[in-house]
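This is data.pdb (PDB, N, CA and C atoms).
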ATOM      1  N   MET A   1      12.338  -6.395   3.239
ATOM      2  CA  MET A   1      10.997  -6.014   3.598
ATOM      3  C   MET A   1      10.238  -7.265   4.016
ATOM      4  N   ASN A   2       9.476  -7.114   5.076
ATOM      5  CA  ASN A   2       8.590  -8.183   5.520
ATOM      6  C   ASN A   2       7.172  -7.817   5.140
ATOM      7  N   ILE A   3       6.510  -8.713   4.408
ATOM      8  CA  ILE A   3       5.129  -8.473   4.012
ATOM      9  C   ILE A   3       4.253  -9.569   4.588
ATOM     10  N   GLU A   4       3.230  -9.157   5.293
ATOM     11  CA  GLU A   4       2.208 -10.095   5.769
ATOM     12  C   GLU A   4       0.999  -9.878   4.866
ATOM     13  N   LEU A   5       0.705 -10.859   4.027
ATOM     14  CA  LEU A   5      -0.403 -10.745   3.088
ATOM     15  C   LEU A   5      -1.511 -11.687   3.522
ATOM     16  N   VAL A   6      -2.677 -11.136   3.790
ATOM     17  CA  VAL A   6      -3.826 -11.921   4.225
ATOM     18  C   VAL A   6      -4.919 -11.744   3.185
ATOM     19  N   ALA A   7      -5.369 -12.848   2.615
ATOM     20  CA  ALA A   7      -6.468 -12.817   1.648
ATOM     21  C   ALA A   7      -7.689 -13.426   2.322
ATOM     22  N   LYS A   8      -8.689 -12.597   2.553
ATOM     23  CA  LYS A   8      -9.873 -13.010   3.284
ATOM     24  C   LYS A   8     -10.988 -13.353   2.298
ATOM     25  N   ASN A   9     -11.487 -14.565   2.370
ATOM     26  CA  ASN A   9     -12.589 -15.044   1.537
ATOM     27  C   ASN A   9     -12.248 -15.173   0.053
ATOM     28  N   LEU A  10     -10.962 -15.230  -0.290
ATOM     29  CA  LEU A  10     -10.588 -15.405  -1.686
ATOM     30  C   LEU A  10      -9.123 -15.806  -1.800
ATOM     31  N   PRO A  11      -8.773 -16.485  -2.889
ATOM     32  CA  PRO A  11      -7.360 -16.823  -3.104
ATOM     33  C   PRO A  11      -6.647 -15.680  -3.832
ATOM     34  N   ALA A  12      -5.480 -15.288  -3.365
ATOM     35  CA  ALA A  12      -4.683 -14.256  -4.034
ATOM     36  C   ALA A  12      -3.678 -14.938  -4.950
ATOM     37  N   SER A  13      -3.625 -14.529  -6.201
ATOM     38  CA  SER A  13      -2.723 -15.153  -7.173
ATOM     39  C   SER A  13      -1.277 -14.755  -6.887
ATOM     40  N   ASP A  14      -0.356 -15.588  -7.350
ATOM     41  CA  ASP A  14       1.067 -15.285  -7.197
ATOM     42  C   ASP A  14       1.436 -14.015  -7.964
ATOM     43  N   MET A  15       0.769 -13.797  -9.114
ATOM     44  CA  MET A  15       1.044 -12.607  -9.908
ATOM     45  C   MET A  15       0.682 -11.341  -9.113
ATOM     46  N   LEU A  16      -0.459 -11.360  -8.443
ATOM     47  CA  LEU A  16      -0.878 -10.208  -7.644
ATOM     48  C   LEU A  16       0.073  -9.990  -6.476
ATOM     49  N   LYS A  17       0.457 -11.071  -5.818
ATOM     50  CA  LYS A  17       1.390 -10.958  -4.695
ATOM     51  C   LYS A  17       2.716 -10.338  -5.142
ATOM     52  N   SER A  18       3.252 -10.807  -6.262
ATOM     53  CA  SER A  18       4.538 -10.266  -6.723
ATOM     54  C   SER A  18       4.391  -8.818  -7.178
ATOM     55  N   ARG A  19       3.249  -8.468  -7.762
ATOM     56  CA  ARG A  19       2.993  -7.071  -8.166
ATOM     57  C   ARG A  19       2.998  -6.153  -6.942
ATOM     58  N   ILE A  20       2.314  -6.581  -5.879
ATOM     59  CA  ILE A  20       2.267  -5.787  -4.649
ATOM     60  C   ILE A  20       3.663  -5.671  -4.044
ATOM     61  N   GLU A  21       4.386  -6.786  -3.969
ATOM     62  CA  GLU A  21       5.743  -6.769  -3.412
ATOM     63  C   GLU A  21       6.658  -5.845  -4.202
ATOM     64  N   GLN A  22       6.563  -5.889  -5.527
ATOM     65  CA  GLN A  22       7.414  -5.054  -6.372
ATOM     66  C   GLN A  22       7.145  -3.575  -6.132
ATOM     67  N   LYS A  23       5.882  -3.184  -6.092
ATOM     68  CA  LYS A  23       5.547  -1.772  -5.884
ATOM     69  C   LYS A  23       5.926  -1.303  -4.483
ATOM     70  N   LEU A  24       5.710  -2.147  -3.474
ATOM     71  CA  LEU A  24       6.068  -1.761  -2.109
ATOM     72  C   LEU A  24       7.582  -1.705  -1.913
ATOM     73  N   SER A  25       8.324  -2.545  -2.643
ATOM     74  CA  SER A  25       9.785  -2.499  -2.520
ATOM     75  C   SER A  25      10.335  -1.189  -3.077
ATOM     76  N   LYS A  26       9.663  -0.596  -4.074
ATOM     77  CA  LYS A  26      10.074   0.719  -4.577
ATOM     78  C   LYS A  26       9.888   1.779  -3.495
ATOM     79  N   ILE A  27       8.782   1.689  -2.770
ATOM     80  CA  ILE A  27       8.538   2.627  -1.670
ATOM     81  C   ILE A  27       9.604   2.447  -0.599
ATOM     82  N   GLU A  28       9.912   1.195  -0.282
ATOM     83  CA  GLU A  28      10.922   0.903   0.730
ATOM     84  C   GLU A  28      12.276   1.482   0.331
ATOM     85  N   SER A  29      12.650   1.340  -0.926
ATOM     86  CA  SER A  29      13.954   1.856  -1.354
ATOM     87  C   SER A  29      13.987   3.385  -1.315
ATOM     88  N   ARG A  30      12.859   4.044  -1.621
ATOM     89  CA  ARG A  30      12.799   5.500  -1.536
ATOM     90  C   ARG A  30      12.924   5.987  -0.101
ATOM     91  N   LEU A  31      12.328   5.251   0.830
ATOM     92  CA  LEU A  31      12.376   5.647   2.238
ATOM     93  C   LEU A  31      13.710   5.301   2.880
ATOM     94  N   GLY A  32      14.404   4.310   2.329
ATOM     95  CA  GLY A  32      15.712   3.942   2.848
ATOM     96  C   GLY A  32      15.680   3.205   4.164
ATOM     97  N   GLN A  33      14.586   2.509   4.440
ATOM     98  CA  GLN A  33      14.495   1.732   5.670
ATOM     99  C   GLN A  33      13.677   0.465   5.425
ATOM    100  N   LYS A  34      13.989  -0.556   6.219
ATOM    101  CA  LYS A  34      13.249  -1.811   6.121
ATOM    102  C   LYS A  34      11.839  -1.611   6.639
ATOM    103  N   LEU A  35      10.870  -2.147   5.922
ATOM    104  CA  LEU A  35       9.474  -1.983   6.293
ATOM    105  C   LEU A  35       8.843  -3.318   6.659
ATOM    106  N   PHE A  36       7.910  -3.266   7.581
ATOM    107  CA  PHE A  36       7.007  -4.380   7.826
ATOM    108  C   PHE A  36       5.646  -3.901   7.345
ATOM    109  N   VAL A  37       5.113  -4.574   6.338
ATOM    110  CA  VAL A  37       3.880  -4.142   5.692
ATOM    111  C   VAL A  37       2.809  -5.203   5.890
ATOM    112  N   ARG A  38       1.627  -4.763   6.253
ATOM    113  CA  ARG A  38       0.481  -5.660   6.390
ATOM    114  C   ARG A  38      -0.505  -5.326   5.270
ATOM    115  N   VAL A  39      -0.776  -6.318   4.406
ATOM    116  CA  VAL A  39      -1.699  -6.145   3.294
ATOM    117  C   VAL A  39      -2.863  -7.101   3.504
ATOM    118  N   ARG A  40      -4.071  -6.565   3.454
ATOM    119  CA  ARG A  40      -5.269  -7.396   3.614
ATOM    120  C   ARG A  40      -6.136  -7.250   2.371
ATOM    121  N   LEU A  41      -6.399  -8.367   1.711
ATOM    122  CA  LEU A  41      -7.268  -8.396   0.536
ATOM    123  C   LEU A  41      -8.564  -9.071   0.935
ATOM    124  N   SER A  42      -9.697  -8.544   0.447
ATOM    125  CA  SER A  42     -10.966  -9.132   0.845
ATOM    126  C   SER A  42     -12.004  -9.006  -0.263
ATOM    127  N   ASP A  43     -12.967  -9.926  -0.221
ATOM    128  CA  ASP A  43     -14.112  -9.894  -1.127
ATOM    129  C   ASP A  43     -15.210  -9.137  -0.389
ATOM    130  N   GLU A  44     -15.564  -7.971  -0.890
ATOM    131  CA  GLU A  44     -16.538  -7.116  -0.225
ATOM    132  C   GLU A  44     -17.977  -7.411  -0.650
ATOM    133  N   GLY A  45     -18.155  -8.348  -1.566
ATOM    134  CA  GLY A  45     -19.484  -8.659  -2.072
ATOM    135  C   GLY A  45     -19.876  -7.720  -3.200
ATOM    136  N   ASN A  46     -20.944  -8.048  -3.889
ATOM    137  CA  ASN A  46     -21.427  -7.235  -5.011
ATOM    138  C   ASN A  46     -20.327  -6.945  -6.029
ATOM    139  N   GLU A  47     -19.481  -7.928  -6.289
ATOM    140  CA  GLU A  47     -18.376  -7.816  -7.248
ATOM    141  C   GLU A  47     -17.428  -6.663  -6.920
ATOM    142  N   GLN A  48     -17.175  -6.447  -5.636
ATOM    143  CA  GLN A  48     -16.245  -5.433  -5.163
ATOM    144  C   GLN A  48     -15.180  -6.108  -4.302
ATOM    145  N   TYR A  49     -13.947  -5.643  -4.453
ATOM    146  CA  TYR A  49     -12.832  -6.206  -3.705
ATOM    147  C   TYR A  49     -12.126  -5.091  -2.946
ATOM    148  N   GLY A  50     -11.651  -5.416  -1.755
ATOM    149  CA  GLY A  50     -10.990  -4.428  -0.923
ATOM    150  C   GLY A  50      -9.521  -4.730  -0.736
ATOM    151  N   CYS A  51      -8.759  -3.694  -0.527
ATOM    152  CA  CYS A  51      -7.335  -3.817  -0.208
ATOM    153  C   CYS A  51      -7.006  -2.803   0.870
ATOM    154  N   SER A  52      -6.398  -3.279   1.940
ATOM    155  CA  SER A  52      -5.964  -2.430   3.036
ATOM    156  C   SER A  52      -4.464  -2.632   3.203
ATOM    157  N   ILE A  53      -3.712  -1.547   3.201
ATOM    158  CA  ILE A  53      -2.258  -1.610   3.383
ATOM    159  C   ILE A  53      -1.904  -0.743   4.581
ATOM    160  N   HIS A  54      -1.102  -1.305   5.482
ATOM    161  CA  HIS A  54      -0.678  -0.579   6.679
ATOM    162  C   HIS A  54       0.811  -0.818   6.904
ATOM    163  N   PHE A  55       1.557   0.263   7.158
ATOM    164  CA  PHE A  55       2.946   0.108   7.579
ATOM    165  C   PHE A  55       3.392   1.339   8.341
ATOM    166  N   SER A  56       4.524   1.184   9.002
ATOM    167  CA  SER A  56       5.081   2.259   9.802
ATOM    168  C   SER A  56       6.473   2.592   9.278
ATOM    169  N   ALA A  57       6.704   3.897   9.038
ATOM    170  CA  ALA A  57       8.021   4.361   8.611
ATOM    171  C   ALA A  57       8.258   5.714   9.284
ATOM    172  N   GLY A  58       8.426   5.677  10.582
ATOM    173  CA  GLY A  58       8.526   6.908  11.343
ATOM    174  C   GLY A  58       7.143   7.454  11.678
ATOM    175  N   ARG A  59       6.186   7.185  10.829
ATOM    176  CA  ARG A  59       4.776   7.511  11.008
ATOM    177  C   ARG A  59       3.980   6.303  10.556
ATOM    178  N   GLU A  60       2.743   6.256  10.968
ATOM    179  CA  GLU A  60       1.857   5.180  10.533
ATOM    180  C   GLU A  60       1.183   5.586   9.221
ATOM    181  N   PHE A  61       1.136   4.670   8.268
ATOM    182  CA  PHE A  61       0.474   4.902   6.999
ATOM    183  C   PHE A  61      -0.540   3.789   6.776
ATOM    184  N   THR A  62      -1.773   4.163   6.472
ATOM    185  CA  THR A  62      -2.828   3.195   6.195
ATOM    186  C   THR A  62      -3.646   3.685   5.015
ATOM    187  N   ALA A  63      -3.897   2.782   4.068
ATOM    188  CA  ALA A  63      -4.753   3.104   2.923
ATOM    189  C   ALA A  63      -5.733   1.959   2.720
ATOM    190  N   VAL A  64      -6.988   2.309   2.498
ATOM    191  CA  VAL A  64      -8.039   1.314   2.281
ATOM    192  C   VAL A  64      -8.817   1.710   1.034
ATOM    193  N   THR A  65      -8.988   0.764   0.116
ATOM    194  CA  THR A  65      -9.767   1.030  -1.098
ATOM    195  C   THR A  65     -10.680  -0.149  -1.403
ATOM    196  N   VAL A  66     -11.733   0.132  -2.158
ATOM    197  CA  VAL A  66     -12.644  -0.894  -2.664
ATOM    198  C   VAL A  66     -12.813  -0.628  -4.151
ATOM    199  N   SER A  67     -12.612  -1.662  -4.963
ATOM    200  CA  SER A  67     -12.674  -1.528  -6.423
ATOM    201  C   SER A  67     -13.261  -2.783  -7.048
ATOM    202  N   PRO A  68     -13.585  -2.720  -8.351
ATOM    203  CA  PRO A  68     -14.163  -3.881  -9.029
ATOM    204  C   PRO A  68     -13.201  -5.072  -9.203
ATOM    205  N   THR A  69     -11.881  -4.836  -9.141
ATOM    206  CA  THR A  69     -10.920  -5.941  -9.245
ATOM    207  C   THR A  69      -9.903  -5.853  -8.111
ATOM    208  N   LEU A  70      -9.323  -6.983  -7.775
ATOM    209  CA  LEU A  70      -8.287  -7.004  -6.730
ATOM    210  C   LEU A  70      -7.066  -6.194  -7.142
ATOM    211  N   THR A  71      -6.670  -6.337  -8.387
ATOM    212  CA  THR A  71      -5.496  -5.613  -8.876
ATOM    213  C   THR A  71      -5.715  -4.106  -8.774
ATOM    214  N   GLN A  72      -6.879  -3.650  -9.175
ATOM    215  CA  GLN A  72      -7.191  -2.222  -9.113
ATOM    216  C   GLN A  72      -7.226  -1.742  -7.662
ATOM    217  N   ALA A  73      -7.808  -2.534  -6.775
ATOM    218  CA  ALA A  73      -7.862  -2.157  -5.356
ATOM    219  C   ALA A  73      -6.449  -2.045  -4.782
ATOM    220  N   ALA A  74      -5.576  -3.007  -5.111
ATOM    221  CA  ALA A  74      -4.194  -2.975  -4.615
ATOM    222  C   ALA A  74      -3.443  -1.770  -5.173
ATOM    223  N   ASP A  75      -3.574  -1.523  -6.480
ATOM    224  CA  ASP A  75      -2.897  -0.381  -7.097
ATOM    225  C   ASP A  75      -3.357   0.936  -6.486
ATOM    226  N   GLU A  76      -4.658   1.072  -6.234
ATOM    227  CA  GLU A  76      -5.184   2.309  -5.652
ATOM    228  C   GLU A  76      -4.686   2.508  -4.219
ATOM    229  N   SER A  77      -4.605   1.424  -3.448
ATOM    230  CA  SER A  77      -4.091   1.539  -2.071
ATOM    231  C   SER A  77      -2.622   1.949  -2.068
ATOM    232  N   ILE A  78      -1.847   1.361  -2.949
ATOM    233  CA  ILE A  78      -0.423   1.708  -3.037
ATOM    234  C   ILE A  78      -0.264   3.155  -3.478
ATOM    235  N   ALA A  79      -1.084   3.600  -4.425
ATOM    236  CA  ALA A  79      -1.026   5.000  -4.872
ATOM    237  C   ALA A  79      -1.363   5.948  -3.718
ATOM    238  N   LYS A  80      -2.332   5.583  -2.886
ATOM    239  CA  LYS A  80      -2.672   6.409  -1.720
ATOM    240  C   LYS A  80      -1.490   6.511  -0.762
ATOM    241  N   ILE A  81      -0.838   5.374  -0.513
ATOM    242  CA  ILE A  81       0.336   5.358   0.369
ATOM    243  C   ILE A  81       1.421   6.266  -0.195
ATOM    244  N   GLU A  82       1.672   6.181  -1.504
ATOM    245  CA  GLU A  82       2.698   7.019  -2.127
ATOM    246  C   GLU A  82       2.364   8.504  -1.966
ATOM    247  N   ARG A  83       1.100   8.878  -2.130
ATOM    248  CA  ARG A  83       0.700  10.279  -1.946
ATOM    249  C   ARG A  83       0.907  10.721  -0.499
ATOM    250  N   MET A  84       0.570   9.859   0.453
ATOM    251  CA  MET A  84       0.761  10.197   1.867
ATOM    252  C   MET A  84       2.232  10.443   2.171
ATOM    253  N   ILE A  85       3.095   9.593   1.632
ATOM    254  CA  ILE A  85       4.536   9.743   1.872
ATOM    255  C   ILE A  85       5.041  11.042   1.262
ATOM    256  N   ARG A  86       4.601  11.360   0.039
ATOM    257  CA  ARG A  86       5.012  12.619  -0.598
ATOM    258  C   ARG A  86       4.563  13.824   0.233
ATOM    259  N   LYS A  87       3.343  13.775   0.752
ATOM    260  CA  LYS A  87       2.835  14.891   1.548
ATOM    261  C   LYS A  87       3.640  15.085   2.828
ATOM    262  N   THR A  88       4.034  13.999   3.462
ATOM    263  CA  THR A  88       4.773  14.117   4.726
ATOM    264  C   THR A  88       6.226  14.508   4.509
ATOM    265  N   SER A  89       6.743  14.340   3.292
ATOM    266  CA  SER A  89       8.141  14.682   3.053
ATOM    267  C   SER A  89       8.308  16.101   2.534
ATOM    268  N   ARG A  90       7.217  16.852   2.450
ATOM    269  CA  ARG A  90       7.264  18.235   1.964
ATOM    270  C   ARG A  90       6.915  19.216   3.089
ATOM    271  N   SER A  91       7.496  20.371   2.992
ATOM    272  CA  SER A  91       7.184  21.450   3.939
ATOM    273  C   SER A  91       5.822  22.028   3.575
ATOM    274  N   PRO A  92       4.978  22.300   4.558
ATOM    275  CA  PRO A  92       3.665  22.843   4.248
ATOM    276  C   PRO A  92       3.710  24.259   3.656
ATOM    277  N   ARG A  93       4.791  25.008   3.901
ATOM    278  CA  ARG A  93       4.852  26.381   3.413
ATOM    279  C   ARG A  93       5.193  26.464   1.939
ATOM    280  N   ASP A  94       6.287  25.877   1.535
ATOM    281  CA  ASP A  94       6.768  26.121   0.176
ATOM    282  C   ASP A  94       6.782  24.879  -0.706
ATOM    283  N   GLY A  95       6.390  23.730  -0.206
ATOM    284  CA  GLY A  95       6.385  22.517  -1.002
ATOM    285  C   GLY A  95       7.760  21.905  -1.194
ATOM    286  N   ALA A  96       8.770  22.462  -0.569
ATOM    287  CA  ALA A  96      10.121  21.926  -0.679
ATOM    288  C   ALA A  96      10.301  20.774   0.299
ATOM    289  N   PRO A  97      11.134  19.800  -0.041
ATOM    290  CA  PRO A  97      11.386  18.695   0.887
ATOM    291  C   PRO A  97      11.981  19.187   2.201
ATOM    292  N   VAL A  98      11.560  18.558   3.269
ATOM    293  CA  VAL A  98      12.061  18.891   4.610
ATOM    294  C   VAL A  98      13.382  18.168   4.816
ATOM    295  N   GLU A  99      14.374  18.866   5.342
ATOM    296  CA  GLU A  99      15.672  18.232   5.600
ATOM    297  C   GLU A  99      15.914  18.076   7.063
TER
END
In structure tokens, how does this file's structure come out?
Amino acid sequence: MNIELVAKNLPASDMLKSRIEQKLSKIESRLGQKLFVRVRLSDEGNEQYGCSIHFSAGREFTAVTVSPTLTQAADESIAKIERMIRKTSRSPRDGAPVE
């Protein structure tokens, strides 16, 4: 997996970077394809931090969140991506996986 991590107006800790990489690698293994992921972390002001995650896996997936901590913002963005992937892998009629 290739990850482009951009931290705008703040330093991103190694612990946060490895946490994001670990969670995204689980998504990559579930999808069964190499991913190029763009992660943008930012200081939104007023003690709020943003995380934007974008990648393509047959479809484009983008999640943007703002939270009181960087870790929480990253976790929420990854959770959004996971929900999007689950929704696209299910049939709209019966909820069964599409083959």
Check what the PyMOL selection byres (((chain A and resi 81 and name CA) around 12) and name CA) selects in the file above and give those residues as a short mmCIF file (atom, residue, chain, number, x, y, z; two decimals) with N, CA and C atoms, keeping the file's coordinate frame.
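As a result, out-v4.cif now contains:
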data_model
loop_
_atom_site.label_atom_id
_atom_site.label_comp_id
_atom_site.auth_asym_id
_atom_site.auth_seq_id
_atom_site.Cartn_x
_atom_site.Cartn_y
_atom_site.Cartn_z
N LYS A 23 5.88 -3.18 -6.09
CA LYS A 23 5.55 -1.77 -5.88
C LYS A 23 5.93 -1.30 -4.48
N LEU A 24 5.71 -2.15 -3.47
CA LEU A 24 6.07 -1.76 -2.11
C LEU A 24 7.58 -1.70 -1.91
N LYS A 26 9.66 -0.60 -4.07
CA LYS A 26 10.07 0.72 -4.58
C LYS A 26 9.89 1.78 -3.50
N ILE A 27 8.78 1.69 -2.77
CA ILE A 27 8.54 2.63 -1.67
C ILE A 27 9.60 2.45 -0.60
N GLU A 28 9.91 1.20 -0.28
CA GLU A 28 10.92 0.90 0.73
C GLU A 28 12.28 1.48 0.33
N VAL A 37 5.11 -4.57 6.34
CA VAL A 37 3.88 -4.14 5.69
C VAL A 37 2.81 -5.20 5.89
N CYS A 51 -8.76 -3.69 -0.53
CA CYS A 51 -7.34 -3.82 -0.21
C CYS A 51 -7.01 -2.80 0.87
N SER A 52 -6.40 -3.28 1.94
CA SER A 52 -5.96 -2.43 3.04
C SER A 52 -4.46 -2.63 3.20
N ILE A 53 -3.71 -1.55 3.20
CA ILE A 53 -2.26 -1.61 3.38
C ILE A 53 -1.90 -0.74 4.58
N HIS A 54 -1.10 -1.30 5.48
CA HIS A 54 -0.68 -0.58 6.68
C HIS A 54 0.81 -0.82 6.90
N PHE A 55 1.56 0.26 7.16
CA PHE A 55 2.95 0.11 7.58
C PHE A 55 3.39 1.34 8.34
N SER A 56 4.52 1.18 9.00
CA SER A 56 5.08 2.26 9.80
C SER A 56 6.47 2.59 9.28
N ALA A 57 6.70 3.90 9.04
CA ALA A 57 8.02 4.36 8.61
C ALA A 57 8.26 5.71 9.28
N ARG A 59 6.19 7.18 10.83
CA ARG A 59 4.78 7.51 11.01
C ARG A 59 3.98 6.30 10.56
N GLU A 60 2.74 6.26 10.97
CA GLU A 60 1.86 5.18 10.53
C GLU A 60 1.18 5.59 9.22
N PHE A 61 1.14 4.67 8.27
CA PHE A 61 0.47 4.90 7.00
C PHE A 61 -0.54 3.79 6.78
N THR A 62 -1.77 4.16 6.47
CA THR A 62 -2.83 3.20 6.20
C THR A 62 -3.65 3.68 5.01
N ALA A 63 -3.90 2.78 4.07
CA ALA A 63 -4.75 3.10 2.92
C ALA A 63 -5.73 1.96 2.72
N VAL A 64 -6.99 2.31 2.50
CA VAL A 64 -8.04 1.31 2.28
C VAL A 64 -8.82 1.71 1.03
N THR A 65 -8.99 0.76 0.12
CA THR A 65 -9.77 1.03 -1.10
C THR A 65 -10.68 -0.15 -1.40
N ALA A 74 -5.58 -3.01 -5.11
CA ALA A 74 -4.19 -2.98 -4.62
C ALA A 74 -3.44 -1.77 -5.17
N ASP A 75 -3.57 -1.52 -6.48
CA ASP A 75 -2.90 -0.38 -7.10
C ASP A 75 -3.36 0.94 -6.49
N GLU A 76 -4.66 1.07 -6.23
CA GLU A 76 -5.18 2.31 -5.65
C GLU A 76 -4.69 2.51 -4.22
N SER A 77 -4.61 1.42 -3.45
CA SER A 77 -4.09 1.54 -2.07
C SER A 77 -2.62 1.95 -2.07
N ILE A 78 -1.85 1.36 -2.95
CA ILE A 78 -0.42 1.71 -3.04
C ILE A 78 -0.26 3.16 -3.48
N ALA A 79 -1.08 3.60 -4.42
CA ALA A 79 -1.03 5.00 -4.87
C ALA A 79 -1.36 5.95 -3.72
N LYS A 80 -2.33 5.58 -2.89
CA LYS A 80 -2.67 6.41 -1.72
C LYS A 80 -1.49 6.51 -0.76
N GLU A 82 1.67 6.18 -1.50
CA GLU A 82 2.70 7.02 -2.13
C GLU A 82 2.36 8.50 -1.97
N ARG A 83 1.10 8.88 -2.13
CA ARG A 83 0.70 10.28 -1.95
C ARG A 83 0.91 10.72 -0.50
N MET A 84 0.57 9.86 0.45
CA MET A 84 0.76 10.20 1.87
C MET A 84 2.23 10.44 2.17
N ILE A 85 3.10 9.59 1.63
CA ILE A 85 4.54 9.74 1.87
C ILE A 85 5.04 11.04 1.26
N ARG A 86 4.60 11.36 0.04
CA ARG A 86 5.01 12.62 -0.60
C ARG A 86 4.56 13.82 0.23
N LYS A 87 3.34 13.78 0.75
CA LYS A 87 2.84 14.89 1.55
C LYS A 87 3.64 15.08 2.83
N THR A 88 4.03 14.00 3.46
CA THR A 88 4.77 14.12 4.73
C THR A 88 6.23 14.51 4.51
#
Chain A: which residues are alpha helix (DSSP H) by DSSP, as a tab-separated table (two decimals) with N, CA and C atoms, in the frame of the given file?
chain	number	residue	atom	x	y	z
A	14	ASP	N	-0.36	-15.59	-7.35
A	14	ASP	CA	1.07	-15.28	-7.20
A	14	ASP	C	1.44	-14.02	-7.96
A	15	MET	N	0.77	-13.80	-9.11
A	15	MET	CA	1.04	-12.61	-9.91
A	15	MET	C	0.68	-11.34	-9.11
A	16	LEU	N	-0.46	-11.36	-8.44
A	16	LEU	CA	-0.88	-10.21	-7.64
A	16	LEU	C	0.07	-9.99	-6.48
A	17	LYS	N	0.46	-11.07	-5.82
A	17	LYS	CA	1.39	-10.96	-4.70
A	17	LYS	C	2.72	-10.34	-5.14
A	18	SER	N	3.25	-10.81	-6.26
A	18	SER	CA	4.54	-10.27	-6.72
A	18	SER	C	4.39	-8.82	-7.18
A	19	ARG	N	3.25	-8.47	-7.76
A	19	ARG	CA	2.99	-7.07	-8.17
A	19	ARG	C	3.00	-6.15	-6.94
A	20	ILE	N	2.31	-6.58	-5.88
A	20	ILE	CA	2.27	-5.79	-4.65
A	20	ILE	C	3.66	-5.67	-4.04
A	21	GLU	N	4.39	-6.79	-3.97
A	21	GLU	CA	5.74	-6.77	-3.41
A	21	GLU	C	6.66	-5.84	-4.20
A	22	GLN	N	6.56	-5.89	-5.53
A	22	GLN	CA	7.41	-5.05	-6.37
A	22	GLN	C	7.14	-3.58	-6.13
A	23	LYS	N	5.88	-3.18	-6.09
A	23	LYS	CA	5.55	-1.77	-5.88
A	23	LYS	C	5.93	-1.30	-4.48
A	24	LEU	N	5.71	-2.15	-3.47
A	24	LEU	CA	6.07	-1.76	-2.11
A	24	LEU	C	7.58	-1.70	-1.91
A	25	SER	N	8.32	-2.54	-2.64
A	25	SER	CA	9.78	-2.50	-2.52
A	25	SER	C	10.34	-1.19	-3.08
A	26	LYS	N	9.66	-0.60	-4.07
A	26	LYS	CA	10.07	0.72	-4.58
A	26	LYS	C	9.89	1.78	-3.50
A	27	ILE	N	8.78	1.69	-2.77
A	27	ILE	CA	8.54	2.63	-1.67
A	27	ILE	C	9.60	2.45	-0.60
A	28	GLU	N	9.91	1.20	-0.28
A	28	GLU	CA	10.92	0.90	0.73
A	28	GLU	C	12.28	1.48	0.33
A	29	SER	N	12.65	1.34	-0.93
A	29	SER	CA	13.95	1.86	-1.35
A	29	SER	C	13.99	3.38	-1.32
A	30	ARG	N	12.86	4.04	-1.62
A	30	ARG	CA	12.80	5.50	-1.54
A	30	ARG	C	12.92	5.99	-0.10
A	31	LEU	N	12.33	5.25	0.83
A	31	LEU	CA	12.38	5.65	2.24
A	31	LEU	C	13.71	5.30	2.88
A	70	LEU	N	-9.32	-6.98	-7.78
A	70	LEU	CA	-8.29	-7.00	-6.73
A	70	LEU	C	-7.07	-6.19	-7.14
A	71	THR	N	-6.67	-6.34	-8.39
A	71	THR	CA	-5.50	-5.61	-8.88
A	71	THR	C	-5.72	-4.11	-8.77
A	72	GLN	N	-6.88	-3.65	-9.18
A	72	GLN	CA	-7.19	-2.22	-9.11
A	72	GLN	C	-7.23	-1.74	-7.66
A	73	ALA	N	-7.81	-2.53	-6.78
A	73	ALA	CA	-7.86	-2.16	-5.36
A	73	ALA	C	-6.45	-2.04	-4.78
A	74	ALA	N	-5.58	-3.01	-5.11
A	74	ALA	CA	-4.19	-2.98	-4.62
A	74	ALA	C	-3.44	-1.77	-5.17
A	75	ASP	N	-3.57	-1.52	-6.48
A	75	ASP	CA	-2.90	-0.38	-7.10
A	75	ASP	C	-3.36	0.94	-6.49
A	76	GLU	N	-4.66	1.07	-6.23
A	76	GLU	CA	-5.18	2.31	-5.65
A	76	GLU	C	-4.69	2.51	-4.22
A	77	SER	N	-4.61	1.42	-3.45
A	77	SER	CA	-4.09	1.54	-2.07
A	77	SER	C	-2.62	1.95	-2.07
A	78	ILE	N	-1.85	1.36	-2.95
A	78	ILE	CA	-0.42	1.71	-3.04
A	78	ILE	C	-0.26	3.16	-3.48
A	79	ALA	N	-1.08	3.60	-4.42
A	79	ALA	CA	-1.03	5.00	-4.87
A	79	ALA	C	-1.36	5.95	-3.72
A	80	LYS	N	-2.33	5.58	-2.89
A	80	LYS	CA	-2.67	6.41	-1.72
A	80	LYS	C	-1.49	6.51	-0.76
A	81	ILE	N	-0.84	5.37	-0.51
A	81	ILE	CA	0.34	5.36	0.37
A	81	ILE	C	1.42	6.27	-0.20
A	82	GLU	N	1.67	6.18	-1.50
A	82	GLU	CA	2.70	7.02	-2.13
A	82	GLU	C	2.36	8.50	-1.97
A	83	ARG	N	1.10	8.88	-2.13
A	83	ARG	CA	0.70	10.28	-1.95
A	83	ARG	C	0.91	10.72	-0.50
A	84	MET	N	0.57	9.86	0.45
A	84	MET	CA	0.76	10.20	1.87
A	84	MET	C	2.23	10.44	2.17
A	85	ILE	N	3.10	9.59	1.63
A	85	ILE	CA	4.54	9.74	1.87
A	85	ILE	C	5.04	11.04	1.26
A	86	ARG	N	4.60	11.36	0.04
A	86	ARG	CA	5.01	12.62	-0.60
A	86	ARG	C	4.56	13.82	0.23
A	87	LYS	N	3.34	13.78	0.75
A	87	LYS	CA	2.84	14.89	1.55
A	87	LYS	C	3.64	15.08	2.83
A	88	THR	N	4.03	14.00	3.46
A	88	THR	CA	4.77	14.12	4.73
A	88	THR	C	6.23	14.51	4.51
Residues returned when the PyMOL selection byres (((chain A and resi 71 and name CA) around 10) and name CA) runs on this file, as number ranges by chain: A: 12, 15-17, 19-20, 41, 49-51, 67-70, 72-77
The PyMOL selection byres ((chain A and resi 2) around 5) resolved against shown file, as a list in words: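 That expression, the PyMOL selection byres ((chain A and resi 2) around 5), corresponds here to Met1, Ile3, Glu4, Leu35, Phe36 and Val37 of chain A.
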All strand (DSSP E) residues (DSSP, backbone) inside chain A, as a PyMOL selection string: chain A and resi 2-8+36-45+48-56+60-67
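Between CA of Leu5 in chain A and atom C of Ser18 in chain A lies a distance of 11.5 Å.
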